[in-house]
Amino acid sequence: MSTEDKGIALEGKVWMTVGGENLGGGNRVELLAAIGQLGSITGAAKAVGLSYKAAWDAIDTMNNLSGEALVERVTGGKGGGGTRLTARGQQLVDNFRTIEQVHNDFLERLNRQAGAVADDLALFTRFKMRTSARNQFFGTVARVARGAVNDEVELGIAGGQTIVAIVTRESAENLGLAPGRQAFALIKSSSVIVMTAGEGARLSARNQLQGQVTRLMRGAVNSEVVIELAGGGSVAATITNDSADALELAEGVAATALFKASSVILGVPE
């Protein structure tokens, strides 16, 4: 999806501070630049859309915060005097222009990646989700089979695998579950059964995620088994130590995570 499709545009402004006080940003620098070009506070104020008083207030503030004059009055002469930038004032304008150009170049590069940034912003939001369920999967609804009371929802996840959930029809409608809708599935590790060497077995558990054991952490009574799935995801199961021994679980062993469709909780991003 393109940046325009997402409506995302990254913007920013540069401004200067001295001791936490606002010395100036683009507006004040424009005022200084106009003074340098026009040699007149009145003309410069009009050019940048400020009142005469507001222009002088801004100049006084900048002079005070800079510790030296950025603008000075010129008396006498053929034109009867006027206002001009000091060498320091002109240097400030020039340096700000350089910094602003670097900043704009940075924003331009960042905007070229804005589509990916938008995707990551959504990902960061999911990272902030707090839940007691050990297993959290994010995917896209592939199918919804309507029933009289309950609906069966298929959620496609990374690696081409599918999670099936049974939810009430009311819940499905409230969540707006429909093909193409992004959603996440939560499954407690205690609801996951681990199977090895189950080829040809016929099981009632609707969800069967195949992978390879990557971690086995033993406790006093139970073990946590982590099975890595195709596509980089993983599923965790909590089983007894006796079961882990009986299955001869170890890193690298092929295993399948089984859980009922009724054990899956579905949610949608806000």
# chains A, B, ... in the order shown; residues from 1 in each chain; ligands from 1
$ residues_around --residues "stretch 213-229 of chain A" --least-positions-apart "2" --cutoff "10 Å" --atoms "only C-alpha atoms" --output "number ranges by chain"
A: 158-159, 161, 189-190, 192, 194, 209-211, 231-245, 249-257
$ select_by_dssp --residues "stretch 23-247 of chain A" --states "helix (DSSP H, G or I)" --output "ChimeraX atom specification"
/A:26-38,41-48,52-66,87-112,114-127,158-160,169-175,189-191,241-246
$ residues_around --residues "A:Arg97" --least-positions-apart "5" --cutoff "10 Å" --atoms "only C-alpha atoms" --output "PDB file with N, CA and C atoms, in the first residue's frame"
ATOM      1  N   GLY A  26      11.329  28.934  12.266  1.00  0.00           N
ATOM      2  CA  GLY A  26      11.221  29.435  10.902  1.00  0.00           C
ATOM      3  C   GLY A  26      10.621  30.822  10.814  1.00  0.00           C
ATOM      4  N   VAL A  29      13.172  33.508  11.997  1.00  0.00           N
ATOM      5  CA  VAL A  29      14.277  33.593  11.040  1.00  0.00           C
ATOM      6  C   VAL A  29      13.815  34.284   9.765  1.00  0.00           C
ATOM      7  N   GLU A  30      12.563  34.038   9.361  1.00  0.00           N
ATOM      8  CA  GLU A  30      12.018  34.748   8.196  1.00  0.00           C
ATOM      9  C   GLU A  30      11.981  36.255   8.453  1.00  0.00           C
ATOM     10  N   GLN A  91      24.720  35.621  10.191  1.00  0.00           N
ATOM     11  CA  GLN A  91      25.275  34.268  10.370  1.00  0.00           C
ATOM     12  C   GLN A  91      24.193  33.316  10.884  1.00  0.00           C
ATOM     13  N   LEU A  92      23.376  33.802  11.800  1.00  0.00           N
ATOM     14  CA  LEU A  92      22.297  32.974  12.350  1.00  0.00           C
ATOM     15  C   LEU A  92      21.300  32.583  11.259  1.00  0.00           C
ATOM     16  N   VAL A 102      18.959  20.459   5.835  1.00  0.00           N
ATOM     17  CA  VAL A 102      19.324  19.106   6.274  1.00  0.00           C
ATOM     18  C   VAL A 102      18.109  18.407   6.885  1.00  0.00           C
ATOM     19  N   HIS A 103      17.357  19.168   7.687  1.00  0.00           N
ATOM     20  CA  HIS A 103      16.154  18.625   8.321  1.00  0.00           C
ATOM     21  C   HIS A 103      15.113  18.225   7.278  1.00  0.00           C
TER      22      HIS A 103
END
$ atom_distance --atom1 "atom CA of A:Gly180" --atom2 "atom CA of A:Lys260"
23.1 Å
$ atom_distance --atom1 "atom CA of A:Ser263" --atom2 "atom CA of A:Leu186"
8.5 Å
$ closest_residue --among "A:Asp60, A:Gly82, A:Phe96, A:Ala205" --to "A:Asn27" --atoms "only C-alpha atoms"
A:Phe96
$ select_by_dssp --residues "stretch 7-223 of chain A" --states "strand (DSSP E or B)" --output "number ranges by chain"
A: 15-18, 21-25, 71-74, 82-85, 135-145, 150-156, 162-168, 182-187, 193-195, 207-218, 222-223
$ closest_residue --among "A:Ala145, A:Ile35, A:Ala178, A:Leu258" --to "A:Ser191" --atoms "only C-alpha atoms"
A:Leu258
$ closest_residue --among "A:Val74, A:Ala148, A:Met16, A:Leu85" --to "A:Ala33" --atoms "only C-alpha atoms"
A:Leu85
$ residues_around --residues "stretch 49-57 of chain A" --least-positions-apart "3" --cutoff "10 Å" --atoms "only C-alpha atoms" --output "list in words"
Asn27, Arg28, Leu31, Leu32, Ile41, Thr42, Gly43, Ala44, Ala45, Lys46, Asp60, Thr61, Met62, Asn63 and Val71 of chain A
